[in-house]
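To be precise, the following lines are data.cif, and they hold mmCIF, C-alpha atoms.
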```cif
data_run
#
loop_
_atom_site.label_atom_id
_atom_site.label_comp_id
_atom_site.auth_asym_id
_atom_site.auth_seq_id
_atom_site.Cartn_x
_atom_site.Cartn_y
_atom_site.Cartn_z
CA MET A 1 -14.95 -40.64 -24.96
CA VAL A 2 -12.25 -40.21 -22.34
CA LEU A 3 -11.49 -36.77 -23.75
CA ALA A 4 -15.15 -35.77 -23.50
CA TRP A 5 -15.25 -36.96 -19.87
CA MET A 6 -12.09 -35.05 -19.05
CA ARG A 7 -13.53 -31.91 -20.61
CA PHE A 8 -16.75 -32.35 -18.68
CA VAL A 9 -14.90 -32.78 -15.39
CA ALA A 10 -12.74 -29.72 -16.04
CA ALA A 11 -15.78 -27.63 -16.97
CA ALA A 12 -17.71 -28.80 -13.92
CA GLY A 13 -14.74 -28.07 -11.65
CA LEU A 14 -14.29 -24.54 -13.00
CA LEU A 15 -18.03 -23.81 -12.85
CA LEU A 16 -18.32 -25.06 -9.28
CA LEU A 17 -15.20 -23.08 -8.28
CA GLY A 18 -16.83 -19.94 -9.66
CA LEU A 19 -20.03 -20.73 -7.78
CA VAL A 20 -18.02 -21.24 -4.57
CA PHE A 21 -16.44 -17.82 -5.03
CA GLU A 22 -19.88 -16.31 -5.60
CA VAL A 23 -21.27 -17.98 -2.47
CA LEU A 24 -18.32 -16.58 -0.48
CA ALA A 25 -18.98 -13.12 -1.92
CA VAL A 26 -22.65 -13.23 -0.94
CA PHE A 27 -21.72 -14.51 2.51
CA GLY A 28 -19.23 -11.71 2.95
CA VAL A 29 -21.69 -9.07 1.79
CA ASN A 30 -24.21 -10.30 4.34
CA ARG A 31 -21.63 -10.79 7.09
CA PHE A 32 -19.65 -7.56 7.15
CA ARG A 33 -20.94 -4.47 8.92
CA ARG A 34 -19.59 -1.55 6.91
CA ALA A 35 -20.10 -0.74 3.25
CA LEU A 36 -16.39 -0.56 2.43
CA ASN A 37 -15.84 -4.04 3.91
CA ARG A 38 -18.80 -5.28 1.90
CA MET A 39 -17.21 -3.91 -1.26
CA HIS A 40 -14.13 -5.99 -0.51
CA ALA A 41 -16.24 -9.15 -0.51
CA ALA A 42 -18.30 -8.12 -3.53
CA ALA A 43 -15.22 -7.41 -5.65
CA MET A 44 -14.14 -11.04 -5.21
CA GLY A 45 -17.36 -12.24 -6.82
CA ASP A 46 -17.05 -9.64 -9.54
CA THR A 47 -13.59 -10.78 -10.59
CA LEU A 48 -12.79 -14.36 -9.63
CA GLY A 49 -16.39 -15.60 -9.59
CA ILE A 50 -17.26 -14.45 -13.08
CA LEU A 51 -13.82 -15.46 -14.38
CA PHE A 52 -14.17 -19.07 -13.26
CA VAL A 53 -17.82 -19.39 -14.30
CA MET A 54 -17.07 -18.06 -17.77
CA LEU A 55 -13.95 -20.26 -18.06
CA GLY A 56 -16.07 -23.27 -17.16
CA LEU A 57 -18.65 -22.33 -19.77
CA MET A 58 -15.90 -21.84 -22.37
CA VAL A 59 -14.52 -25.32 -21.66
CA PHE A 60 -18.06 -26.73 -21.65
CA ARG A 61 -18.93 -25.13 -24.97
CA GLY A 62 -15.67 -25.85 -26.70
CA PHE A 63 -13.45 -23.14 -28.13
CA SER A 64 -15.32 -21.14 -30.73
CA LEU A 65 -16.52 -17.59 -31.36
CA ASP A 66 -18.99 -17.83 -28.48
CA ALA A 67 -16.16 -18.69 -26.12
CA LEU A 68 -14.39 -15.55 -27.32
CA LYS A 69 -17.52 -13.53 -26.57
CA LEU A 70 -17.72 -15.02 -23.08
CA PHE A 71 -14.09 -14.05 -22.56
CA LEU A 72 -15.01 -10.55 -23.76
CA VAL A 73 -17.61 -10.38 -20.99
CA VAL A 74 -14.89 -11.22 -18.45
CA ALA A 75 -12.53 -8.64 -19.95
CA PHE A 76 -15.23 -5.98 -19.83
CA PHE A 77 -15.98 -6.85 -16.22
CA TRP A 78 -12.35 -6.62 -15.22
CA ILE A 79 -12.21 -3.14 -16.72
CA ALA A 80 -15.59 -1.90 -15.47
CA SER A 81 -15.68 -3.38 -11.97
CA PRO A 82 -12.79 -1.32 -10.52
CA VAL A 83 -14.36 1.84 -11.93
CA SER A 84 -17.75 1.16 -10.37
CA GLY A 85 -16.03 0.14 -7.14
CA HIS A 86 -14.19 3.46 -7.14
CA MET A 87 -17.47 5.33 -7.65
CA ILE A 88 -19.20 3.45 -4.83
CA SER A 89 -16.30 3.95 -2.43
CA ARG A 90 -16.18 7.66 -3.26
CA LEU A 91 -19.91 7.92 -2.57
CA GLU A 92 -19.47 6.12 0.73
CA ALA A 93 -16.44 8.19 1.76
CA MET A 94 -18.28 11.39 0.89
CA THR A 95 -21.62 10.66 2.53
CA ASP A 96 -20.60 8.69 5.62
CA GLU A 97 -19.78 11.16 8.35
CA ASP A 98 -18.89 8.49 10.89
CA LEU A 99 -16.20 7.05 8.65
CA GLY A 100 -13.39 8.83 10.48
CA GLU A 101 -14.35 7.11 13.69
CA ILE A 102 -13.37 3.64 12.62
CA LEU A 103 -10.76 2.94 15.23
CA VAL A 104 -9.27 -0.24 13.90
CA MET A 105 -5.69 0.92 14.16
CA ASP A 106 -6.30 2.41 17.59
CA LYS A 107 -7.67 -0.89 18.84
CA MET A 108 -4.66 -2.66 17.38
CA LEU A 109 -2.45 -0.18 19.18
CA GLU A 110 -4.24 -0.88 22.42
CA ALA A 111 -3.71 -4.56 21.89
CA GLY A 112 -0.04 -3.80 21.29
CA GLU A 113 0.01 -5.65 17.99
CA GLN A 114 1.18 -3.17 15.44
CA GLU A 115 1.99 0.46 15.00
CA THR A 116 1.66 2.38 11.77
CA ARG A 117 3.96 5.20 10.76
CA VAL A 118 1.33 7.87 11.23
CA GLN A 119 0.49 6.57 14.66
CA LYS A 120 4.18 6.47 15.58
CA VAL A 121 4.52 10.11 14.57
CA LYS A 122 1.39 11.00 16.51
CA ALA A 123 2.65 9.11 19.57
CA GLN A 124 5.99 10.93 19.36
CA GLU A 125 4.22 14.27 19.09
CA ALA A 126 2.07 13.38 22.07
CA LYS A 127 5.18 12.40 24.05
CA GLY A 128 6.90 15.64 23.09
CA GLN A 129 3.88 17.63 24.21
CA LYS A 130 3.82 15.70 27.45
CA ALA A 131 7.56 16.34 27.97
CA GLU A 132 7.06 20.05 27.31
CA GLY A 133 4.18 20.10 29.74
CA GLN A 134 6.29 18.35 32.35
CA ALA A 135 9.13 20.83 31.81
CA ALA A 136 6.68 23.70 32.22
CA LYS A 137 5.34 22.08 35.38
CA VAL A 138 8.89 21.69 36.72
CA GLN A 139 9.60 25.36 36.02
CA LYS A 140 6.36 26.33 37.72
CA ALA A 141 7.26 24.13 40.67
CA GLU A 142 10.72 25.75 40.89
CA GLY A 143 9.13 29.17 40.74
CA GLN A 144 6.73 28.22 43.49
CA ALA A 145 9.61 26.84 45.55
CA ALA A 146 11.47 30.12 45.06
CA LYS A 147 8.37 32.03 46.13
CA VAL A 148 8.04 29.81 49.18
CA GLN A 149 11.71 30.45 50.04
CA LYS A 150 11.15 34.18 49.60
CA ALA A 151 8.09 33.99 51.82
CA GLU A 152 10.04 32.06 54.43
CA GLY A 153 12.79 34.61 54.23
CA GLN A 154 10.28 37.42 54.69
CA ALA A 155 8.72 35.55 57.58
CA ALA A 156 12.18 35.15 59.15
CA LYS A 157 12.86 38.86 58.64
CA VAL A 158 9.49 39.68 60.22
CA GLN A 159 10.33 37.42 63.17
CA GLU A 160 13.75 39.06 63.49
CA ALA A 161 12.12 42.47 63.35
CA LYS A 162 9.61 41.40 66.02
CA ALA A 163 12.43 40.08 68.13
CA MET B 1 -22.78 -39.73 -24.63
CA GLY B 2 -26.31 -39.80 -23.29
CA ILE B 3 -25.05 -39.91 -19.73
CA LEU B 4 -22.69 -37.01 -20.41
CA ASN B 5 -25.44 -34.87 -21.90
CA MET B 6 -27.73 -35.58 -18.96
CA LEU B 7 -24.96 -34.81 -16.49
CA GLY B 8 -24.09 -31.60 -18.32
CA SER B 9 -27.66 -30.31 -18.38
CA GLY B 10 -28.05 -31.30 -14.71
CA LEU B 11 -24.88 -29.38 -13.82
CA LEU B 12 -26.07 -26.30 -15.68
CA VAL B 13 -29.55 -26.42 -14.12
CA GLY B 14 -28.07 -26.97 -10.67
CA SER B 15 -25.72 -24.01 -10.97
CA MET B 16 -28.59 -21.87 -12.24
CA LEU B 17 -30.64 -22.85 -9.18
CA VAL B 18 -27.74 -21.98 -6.85
CA LEU B 19 -27.38 -18.62 -8.57
CA ALA B 20 -31.13 -17.99 -8.20
CA VAL B 21 -30.92 -18.61 -4.46
CA LEU B 22 -27.88 -16.31 -4.20
CA ILE B 23 -29.75 -13.61 -6.11
CA ILE B 24 -32.65 -13.81 -3.68
CA VAL B 25 -30.27 -13.54 -0.70
CA THR B 26 -28.56 -10.54 -2.26
CA ILE B 27 -31.89 -8.84 -2.97
CA VAL B 28 -32.75 -9.30 0.70
CA ARG B 29 -29.47 -7.57 1.58
CA SER B 30 -30.27 -4.74 -0.83
CA VAL B 31 -33.58 -4.21 0.96
CA LEU B 32 -32.03 -4.45 4.44
CA GLY B 33 -28.84 -2.49 3.75
CA PRO B 34 -28.67 0.42 6.17
CA ARG B 35 -26.78 2.80 3.90
CA ILE B 36 -27.30 3.63 0.25
CA ALA B 37 -23.83 2.32 -0.68
CA ASP B 38 -24.80 -1.12 0.68
CA ARG B 39 -27.82 -1.16 -1.60
CA ILE B 40 -25.78 -0.15 -4.63
CA ILE B 41 -23.22 -2.87 -3.88
CA ALA B 42 -25.99 -5.46 -3.59
CA VAL B 43 -27.60 -4.34 -6.85
CA ASN B 44 -24.21 -4.54 -8.55
CA MET B 45 -23.80 -8.10 -7.30
CA VAL B 46 -27.27 -9.02 -8.53
CA GLY B 47 -26.23 -7.73 -11.97
CA THR B 48 -23.08 -9.86 -11.90
CA MET B 49 -25.01 -12.98 -10.99
CA ILE B 50 -27.65 -12.35 -13.66
CA ILE B 51 -24.85 -12.07 -16.22
CA MET B 52 -23.55 -15.48 -15.12
CA LEU B 53 -27.10 -16.80 -15.30
CA ILE B 54 -27.55 -15.58 -18.87
CA GLY B 55 -24.21 -17.09 -19.86
CA ILE B 56 -25.13 -20.46 -18.38
CA LEU B 57 -28.55 -20.22 -20.05
CA SER B 58 -26.93 -19.58 -23.42
CA VAL B 59 -24.94 -22.80 -23.07
CA TYR B 60 -27.96 -24.71 -21.74
CA LEU B 61 -30.31 -23.64 -24.54
CA ASP B 62 -27.49 -23.67 -27.11
CA GLU B 63 -28.39 -20.20 -28.32
CA ASN B 64 -25.58 -17.94 -29.54
CA TYR B 65 -27.30 -14.60 -29.30
CA LEU B 66 -27.75 -14.84 -25.51
CA VAL B 67 -24.01 -14.20 -25.11
CA ASP B 68 -24.49 -10.83 -26.84
CA ILE B 69 -27.31 -10.06 -24.43
CA CYS B 70 -24.91 -10.98 -21.62
CA LEU B 71 -22.37 -8.40 -22.84
CA LEU B 72 -25.07 -5.76 -23.24
CA TYR B 73 -26.36 -6.47 -19.75
CA ALA B 74 -22.85 -6.01 -18.35
CA MET B 75 -22.59 -2.59 -20.00
CA VAL B 76 -26.05 -1.47 -18.85
CA SER B 77 -25.40 -2.69 -15.29
CA PHE B 78 -22.11 -0.77 -15.14
CA LEU B 79 -23.83 2.35 -16.46
CA GLY B 80 -26.60 1.97 -13.90
CA VAL B 81 -24.17 1.75 -11.00
CA VAL B 82 -22.23 4.81 -12.16
CA VAL B 83 -25.43 6.82 -12.62
CA LEU B 84 -26.77 5.76 -9.21
CA CYS B 85 -23.52 6.84 -7.53
CA LYS B 86 -23.61 10.23 -9.28
CA VAL B 87 -27.28 10.74 -8.39
CA TYR B 88 -26.86 9.93 -4.71
CA THR B 89 -23.73 12.10 -4.46
CA GLY B 90 -25.79 14.96 -5.88
CA VAL B 91 -28.68 14.24 -3.51
CA TYR B 92 -26.33 14.29 -0.53
CA LEU B 93 -24.72 17.56 -1.62
CA GLN B 94 -28.08 19.19 -2.17
CA ARG B 95 -29.35 18.03 1.21
CA LYS B 96 -26.24 19.47 2.85
CA GLN B 97 -26.69 22.76 0.94
CA LEU B 98 -23.25 22.27 -0.57
CA LYS B 99 -22.78 23.47 -4.10
CA ALA B 100 -20.02 21.33 -5.52
CA ASP B 101 -21.28 21.40 -9.08
CA LEU B 102 -23.34 24.56 -8.88
CA GLY B 103 -20.34 26.39 -7.43
CA ALA B 104 -18.52 26.20 -10.75
CA VAL B 105 -21.57 27.58 -12.60
CA GLU B 106 -21.89 30.47 -10.15
CA ASP B 107 -18.19 31.18 -10.45
CA ASN B 108 -18.47 31.37 -14.23
CA LEU B 109 -21.48 33.68 -13.98
CA LYS B 110 -19.64 35.97 -11.56
CA ARG B 111 -16.61 36.12 -13.80
CA GLN B 112 -18.75 36.91 -16.84
CA SER B 113 -20.55 39.69 -15.00
CA GLN B 114 -17.19 41.19 -13.92
CA LYS B 115 -15.99 41.03 -17.50
CA ASN B 116 -19.15 42.82 -18.66
CA GLU B 117 -18.67 45.54 -16.07
CA LYS B 118 -15.09 46.12 -17.23
CA ASP B 119 -16.33 46.33 -20.81
CA VAL B 120 -18.87 48.92 -19.77
CA GLU B 121 -16.33 50.94 -17.79
CA VAL B 122 -13.69 51.18 -20.53
CA PRO B 123 -15.63 53.49 -22.88
#
```

Translate the structure described by the file into structure tokens.
Amino acid sequence: MVLAWMRFVAAAGLLLLGLVFEVLAVFGVNRFRRALNRMHAAAMGDTLGILFVMLGLMVFRGFSLDALKLFLVVAFFWIASPVSGHMISRLEAMTDEDLGEILVMDKMLEAGEQETRVQKVKAQEAKGQKAEGQAAKVQKAEGQAAKVQKAEGQAAKVQEAKA
Amino acid sequence: MGILNMLGSGLLVGSMLVLAVLIIVTIVRSVLGPRIADRIIAVNMVGTMIIMLIGILSVYLDENYLVDICLLYAMVSFLGVVVLCKVYTGVYLQRKQLKADLGAVEDNLKRQSQKNEKDVEVP
């Protein structure tokens, strides 16, 4: 009797845990804005949700051939779900032309939180370009100063000649 | 044992009801989803939840063969998602006048025609 109650409680706990995961997955799918973020939430329901529901059913049913079949369903899902997720993400990456404009890392950079390697390299390149531009400006300024000196010299010569 | 049986059937029916509500919410998302990938994700989730539903139903009705149907449904759902992704990739490429798959066919045809010309020129 006690054993049966313990088994029931374990089965109910696992089943409700799976349902909680599934509720979270549905919430995430409805909450996120972009398809790739939605896939992140949906994959949780595809793996953990079905795992815990099927484990609960196996404990509920008792260990037999049917429990093995339920475990086979979970095993098939864990093999098939990444493949279908890869297909969906490839479709999204191919067809969404605005995907390159997700500026998450840029916003993080603006907030000064974190800096990825690529962004560091880009920032260094931008700095180098800026430095080169400044050097060119300095050279131009020197050249202009030289011209101005020449002009002053000519003006002085002209004044001397006039005098 | 009577109490346990009643509690067990109540638990199974309750979880089936929760799953039914979640399926309705997910179908609403599949109708609303702005992009085609959102719809495919929602349909995939509906398939997952129907598989759970069939599994719970097999325990509730105490029928063994429903577990086999569950496995078959998983396979058909996976196949459906893969085919939908392929179809919409092809639709996008055709709309953009890109020839990702047709390009290979044309390349083969060109190569064969070149080969034929060489064969004609040799004699």

Would you list the contacts of segment 80-82 of chain B as a PyMOL selection string, taking every protein, DNA or RNA residue within 8 Å and counting all atoms listed in the file, but skipping same-chain residues closer than 4 positions in sequence? (chain A and resi 84+87) or (chain B and resi 40+44+76+86)

Output the residue selection produced by the PyMOL selection byres ((chain B) within 9 of (chain A)) on the file above, formatted as a VMD selection string. chain B and resid 1 4 7 to 8 11 to 12 15 18 to 19 22 to 23 25 to 26 29 33 35 to 38 40 to 42 44 to 45 48 to 49 51 to 52 55 to 56 59 62 64 to 65 67 to 68 70 to 71 74 to 75 78 to 79 81 to 82 85 to 86 88 to 89 92 to 93

In Å, how far is it from atom CA of Gly47 of chain B to atom CA of Ile27 of chain B?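 Value for the atom CA of Gly47 of chain B-atom CA of Ile27 of chain B distance: 10.7 Å.
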
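Of the residues listed (B:Lys110, B:Val83, B:Ser9, B:Gln94), B:Ser9 shows the shortest atom-to-atom separation from Tyr60 of chain B; distances use all atoms listed in the file.
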
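Atom pair atom CA of Val43 of chain B / atom CA of Val31 of chain B has a distance of 9.8 Å (rounded to one decimal).
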
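Atom CA of Leu53 of chain B lies 19.1 Å from atom CA of Met6 of chain B.
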
Counting all atoms listed in the file, the option among B:Val91, B:Leu57, B:Arg39, B:Lys115 closest to Gly14 of chain B: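 Nearest candidate to Gly14 of chain B out of B:Val91, B:Leu57, B:Arg39, B:Lys115: B:Leu57.
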